[in-house]
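Each remark here refers to the structure printed beneath this line.
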Amino acid sequence: MNRRRTALLSLTALLAAGLTAVPAGPAGAGETERIRNGTFDAGTDSWWTSGVTAGTDGGTLCADVPGGTANRWDAAVGQNDLALVKGESYRVSFRATGTPAGHSVRAVVGLQVAPYDAYHEVVPQLSVSGDTYTYTFASPVDTAQGQVAFQLGGSAEPWRFCLDDVSLLGGVPPETYEPDTGPRVRVNQVGYLPRGPKNATVVTDAAEPLPWRLKDARGTVVARGTTVPRGLDPSSGQRVHSVDFGHHRTPGRGFTLVADSETSHPFDIAADAYDRLRLDAAKFYYTQRSGTPIRDDLRPGYGRAAGHVGTAPNQGDRDVPCRPGVCSYTLDVTGGWYDAGDHGKYVVNGGISVWQLLSAHERSLHARTGTPGAYGDGTLALPESGNGVPDLLDEVRWELDFLLKTQVPDGEPLAGMAHHKVHDEQWTGLPLLPADDPQKRELHPPTTAATLNLAATAAQAARLYQKYDPRFAATALTAARKAWAAALAHPDVLASESDGVGGGAYPDRNVADEFYWAAAELYLTTGERQFEDHVLTSPVHTADIFGPVAFDWAATAVPARLDLATVPSRLPGRDRVRQSVRAGADRYLATLRAHPYGMPYAPEGQRYDWGSTHQILNNAAVLATAHDLTGRTAYRDGALQSMDYVLGRNALNLSYVTGYGEAAAQNQHSRWYAHQLDPNLPRPPAGSLAGGPNSSIQDPVAQAKLTGCTGQFCYIDDIHSWSTNEITINWNAALTWMASYAADQG
């Protein structure tokens, strides 16, 4: 896990919640009640209150909550000194009402002392969600300082909260989790291009081929054939057959595929099948912006106040100090994108995201099937729309400006390097809007990896923004040169794997690939001999870099190789560079053809990686690039077929993209897209990519429900499962690039 945020194990919201419809009954054998006086028969004994006027009324605790409080914790009721045992399952239940109806309460089981970690939380809307609530979770720690708290603040108007029958029962059986996988015929639930590949998977124990029928929206059979048995699929543990209906090219909406007495989810066959996704995947970034209000007229239902601009309770990003002992200055690091479901901003993850989005723009300029106006001015509905600049460049500029701000000032010991990240001093819980984050913000130490990310992306920006903003392009190139020189002077300043409190660590022990990438981008922009020499003499340049995973934030050799192959230049030996891309694509194509679910991803031992959905898309991007280089249909079809997995042709029969497909993920881990916890908050916007199956299942909800899972089944659509179900800027960058490529093929 050296390339993953292993330090997220210290996450405040180590949560594992599962709503059930059965109220808690009397304690059974081996079950232990932790709550004292949960029926309030002894008045308020054992309970504390804060910021409310409370007392018992007929055996019920009622609290008058004042209006005008800023935070949920400004008014609360709770009980302390509860013993919790690591790994033990608990059932928390209570009855609660609110007057007037519709107010919500944040019910938390957590730590009563700093850092106040939450082990389980939920935010039901009282008298709307019902009156009786029961949840099951597993404790991630041993502690004698557990707490049950009901946080009531944050309402503009006063209201009355009443509580009874509170129980925290230990030793209950863990929940059995059986995902609903729907019909056994698995398809791309969004659609297929008329002249593209059309493949499906049937889960069946049948040993012989089976008949299949393709039906249009009226139920008329428009094509038929027989399945191809594929045997046992090791990535899912299922026996499956494949279906190829690519010969049917007639467009239409609402097709279904029938096989083995099962009918698939509906899908389209249309030339514009990916047009909306191309835009929605890129629109994701606007609502991830830090340091600016999100306009509801541009994103209806997603408007919010600016985060981290110093408006109380925010401490803001305008004057951020370093962690103690790191530096003596402060920096204005406002702006940028929130990295994922937390409020952190990370240069290495921002770097790969910027590269891939700018690559989508650059591909449109050079590829034979590119569409230069696809992300043109006005296409993404941004505040900057109408300024004559392609909207995708406007959006990426928001992150680039932040990256430039992370550079260490002149006169300091590490001048020119980039700080690795900025985030909260401690982890925060869910839900928490960016503007409501009260934590102190800190700069974390500069690193060589972050510095080279800045050098690479600023150099790339310098050539792509020259046409629209020559002054910014010059500024970016100056910053890239300064970062390159600083990295050469400090080639082994690495991020600490233990620097994971309040934000992900993002450690990377090998930066040879980042040096190669930065040199490549600087060469492609300037054509200078010093950068050409570094590219040609780097051992990475001739290495076999196309492994089971092509690239991610910590493996950046492939981005360099792809740009060297596609961006016009006079690099000596460029034909060999292109040949290496084709060889990598051949490897992924062979993997796809051998895979019963038809994807270019087969990690050793079926150990699915963190963010496996974007790994599949990045492998597909290599296939797409090989198609751009050669025009070979096989590469195009492999790239397009890879999209099928992400959009529903998988073991769970689930689209991992919100708003796309009849059965789609919708509860990704996020502090502000937190509808699962608080009905007043939205779900993630359409076009948000879930991380997907992760065999390491690091979070407690995944550990409680997915232990022993096989490959594709190591996923749960739950907001608390940050290891399988988070959203991130780099995952959506992969989706944006591939959705744009797929739309071009239509």
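By convention here, the chains of the structure tokens are called A, B, ... in the order presented, each chain's residues are numbered starting at 1, and ligands are numbered starting at 1 in the order presented.
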query: Residues at most 10 Å from Leu640 of chain A, counting only C-alpha atoms, excluding those fewer than 3 positions away in the same chain, as number ranges by chain?
result: A: 192-193, 196-198, 599, 617, 620-621, 623-624, 634-637, 643-645, 738-739, 741-743, 745
Within 8 Å of segment 342-355 of chain A, which residues of segment 398-434 of chain A show up? Give each one with its shortest atom-to-atom distance in Å (one decimal) and the two atoms involved, counting only C-alpha atoms, rows by chain then rising residue number, as CSV.
```
residue,atom,partner,partner_atom,distance
A:Glu399,CA,A:Gly350,CA,7.2
A:Leu400,CA,A:Val354,CA,7.4
A:Leu403,CA,A:Val347,CA,6.4
A:Ala418,CA,A:Val347,CA,7.9
A:His419,CA,A:Val347,CA,7.4
A:His420,CA,A:Val347,CA,5.6
A:Lys421,CA,A:Tyr346,CA,4.3
A:Val422,CA,A:Lys345,CA,5.5
A:His423,CA,A:Gly344,CA,4.3
A:Asp424,CA,A:Gly344,CA,6.9
A:Pro434,CA,A:His343,CA,6.6
```
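Minimum distance to Gln151 of chain A across A:Val320, A:Val77, A:Val190, A:Leu677 (counting only C-alpha atoms) occurs at A:Val77.
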What lies within 12 Å of Pro596 of chain A using only C-alpha atoms, ignoring chain neighbours under 3 positions off, as a PDB file with C-alpha atoms, in the first residue's frame?
```pdb
ATOM      1  CA  ARG A 186     -25.009  -7.421 -17.026  1.00  0.00           C
ATOM      2  CA  ASN A 199     -20.808  -6.831 -25.129  1.00  0.00           C
ATOM      3  CA  ALA A 200     -22.614  -8.170 -22.094  1.00  0.00           C
ATOM      4  CA  THR A 201     -22.092 -10.816 -19.408  1.00  0.00           C
ATOM      5  CA  VAL A 202     -24.563 -13.427 -18.170  1.00  0.00           C
ATOM      6  CA  VAL A 203     -24.072 -14.942 -14.724  1.00  0.00           C
ATOM      7  CA  VAL A 228     -20.146 -17.970 -25.208  1.00  0.00           C
ATOM      8  CA  PRO A 229     -19.431 -19.874 -21.957  1.00  0.00           C
ATOM      9  CA  ARG A 230     -16.407 -18.400 -20.147  1.00  0.00           C
ATOM     10  CA  GLY A 231     -16.260 -20.661 -17.095  1.00  0.00           C
ATOM     11  CA  LEU A 232     -15.316 -19.383 -13.650  1.00  0.00           C
ATOM     12  CA  ASP A 233     -14.413 -15.705 -13.485  1.00  0.00           C
ATOM     13  CA  PRO A 234     -11.711 -15.386 -10.784  1.00  0.00           C
ATOM     14  CA  SER A 235     -12.402 -11.674 -10.252  1.00  0.00           C
ATOM     15  CA  SER A 236     -15.929 -12.388  -8.994  1.00  0.00           C
ATOM     16  CA  GLY A 237     -16.158 -16.108  -8.212  1.00  0.00           C
ATOM     17  CA  GLN A 238     -19.062 -16.310 -10.674  1.00  0.00           C
ATOM     18  CA  ARG A 239     -19.580 -18.618 -13.629  1.00  0.00           C
ATOM     19  CA  VAL A 240     -20.367 -16.475 -16.622  1.00  0.00           C
ATOM     20  CA  HIS A 241     -21.099 -16.392 -20.344  1.00  0.00           C
ATOM     21  CA  SER A 242     -20.307 -13.552 -22.772  1.00  0.00           C
ATOM     22  CA  VAL A 243     -22.664 -11.981 -25.282  1.00  0.00           C
ATOM     23  CA  ALA A 590      -4.810  -9.197 -24.282  1.00  0.00           C
ATOM     24  CA  THR A 591      -5.902  -8.831 -20.658  1.00  0.00           C
ATOM     25  CA  LEU A 592      -9.304  -7.541 -21.756  1.00  0.00           C
ATOM     26  CA  ARG A 593      -9.864 -10.360 -24.225  1.00  0.00           C
ATOM     27  CA  MET A 599     -11.809  -5.258 -18.929  1.00  0.00           C
ATOM     28  CA  PRO A 600      -8.102  -4.422 -19.238  1.00  0.00           C
ATOM     29  CA  TYR A 601      -7.400  -4.950 -15.551  1.00  0.00           C
ATOM     30  CA  ALA A 602      -6.342  -8.157 -13.829  1.00  0.00           C
ATOM     31  CA  TYR A 645     -17.441  -2.173 -16.619  1.00  0.00           C
ATOM     32  CA  ARG A 649     -21.246  -4.604 -16.818  1.00  0.00           C
ATOM     33  CA  ASN A 650     -19.707  -5.913 -13.616  1.00  0.00           C
ATOM     34  CA  ALA A 651     -20.324  -8.467 -10.882  1.00  0.00           C
TER      35      ALA A 651
END
```
- prompt: How would you write, as an NGL selection string, the set of residues in segment 92-190 of chain A that DSSP gives as strand (DSSP E)?
  reply: :A and (92-99 or 106-111 or 118-122 or 132-138 or 143-151 or 159-170 or 185-186)
task: Do a neighbour search on Gln615 of chain A at 12 Å with only C-alpha atoms, toss out local chain neighbours closer than 6 positions, and write the hits as a ChimeraX atom specification.
output: /A:547-553,555,588,599-603,608-609,621-622,642-643,645-646,689-694,730-735,738
Give me, as a Markdown table, each residue of segment 39-115 of chain A that comes within 6 Å of segment 137-148 of chain A, together with its shortest interatomic pair and the distance in Å at one decimal, counting only C-alpha atoms, with rows ordered by chain and rising residue number.
```
| residue | atom | partner | partner_atom | distance |
| --- | --- | --- | --- | --- |
| A:Gly78 | CA | A:Val148 | CA | 5.4 |
| A:Gln79 | CA | A:Val148 | CA | 5.4 |
| A:Asn80 | CA | A:Gln147 | CA | 4.5 |
| A:Asp81 | CA | A:Gln145 | CA | 4.6 |
| A:Leu82 | CA | A:Gly146 | CA | 4.4 |
| A:Ala83 | CA | A:Ala144 | CA | 4.2 |
| A:Leu84 | CA | A:Thr143 | CA | 5.3 |
| A:Val85 | CA | A:Asp142 | CA | 4.5 |
| A:Lys86 | CA | A:Val141 | CA | 4.2 |
| A:Gly87 | CA | A:Ser139 | CA | 5.4 |
| A:Glu88 | CA | A:Ala138 | CA | 5.5 |
| A:Ser89 | CA | A:Ala138 | CA | 4.3 |
| A:Tyr90 | CA | A:Phe137 | CA | 5.5 |
| A:Val108 | CA | A:Val148 | CA | 5.7 |
| A:Val109 | CA | A:Val148 | CA | 4.6 |
| A:Gly110 | CA | A:Gln147 | CA | 5.3 |
| A:Leu111 | CA | A:Gly146 | CA | 4.8 |
| A:Gln112 | CA | A:Gln147 | CA | 5.3 |
```
message: When DSSP is applied to the backbone of this structure, which of segment 211-351 of chain A are assigned helix (DSSP H, G or I)? Write them out as an MDAnalysis selection string.
response: chainID A and resid 275:283 286:288 347:351
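Nearest-residue note for Glu175 of chain A: choosing from A:Gln288, A:Gln189, A:Gln426, A:Thr136, the minimum distance belongs to A:Thr136, counting only C-alpha atoms.
The space separating atom CA of Pro438 of chain A from atom CA of Val309 of chain A comes to 11.5 Å.
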message: With only C-alpha atoms as the counted atoms, please give the residues lying no more than 6 Å from Ser290 of chain A, apart from itself and same-chain residues fewer than 3 positions off, as a VMD selection string.
response: chain A and resid 307 335 to 337
Output file for the residues above (C-alpha atoms, as a short mmCIF file (atom, residue, chain, number, x, y, z; two decimals), in the first residue's frame):
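Result went into selection_10.cif, see below:
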```cif
data_model
loop_
_atom_site.label_atom_id
_atom_site.label_comp_id
_atom_site.auth_asym_id
_atom_site.auth_seq_id
_atom_site.Cartn_x
_atom_site.Cartn_y
_atom_site.Cartn_z
CA GLY A 307 -15.14 27.30 2.06
CA GLY A 335 -8.57 28.27 -4.12
CA GLY A 336 -7.98 24.90 -5.70
CA TRP A 337 -10.19 21.84 -5.52
#
```
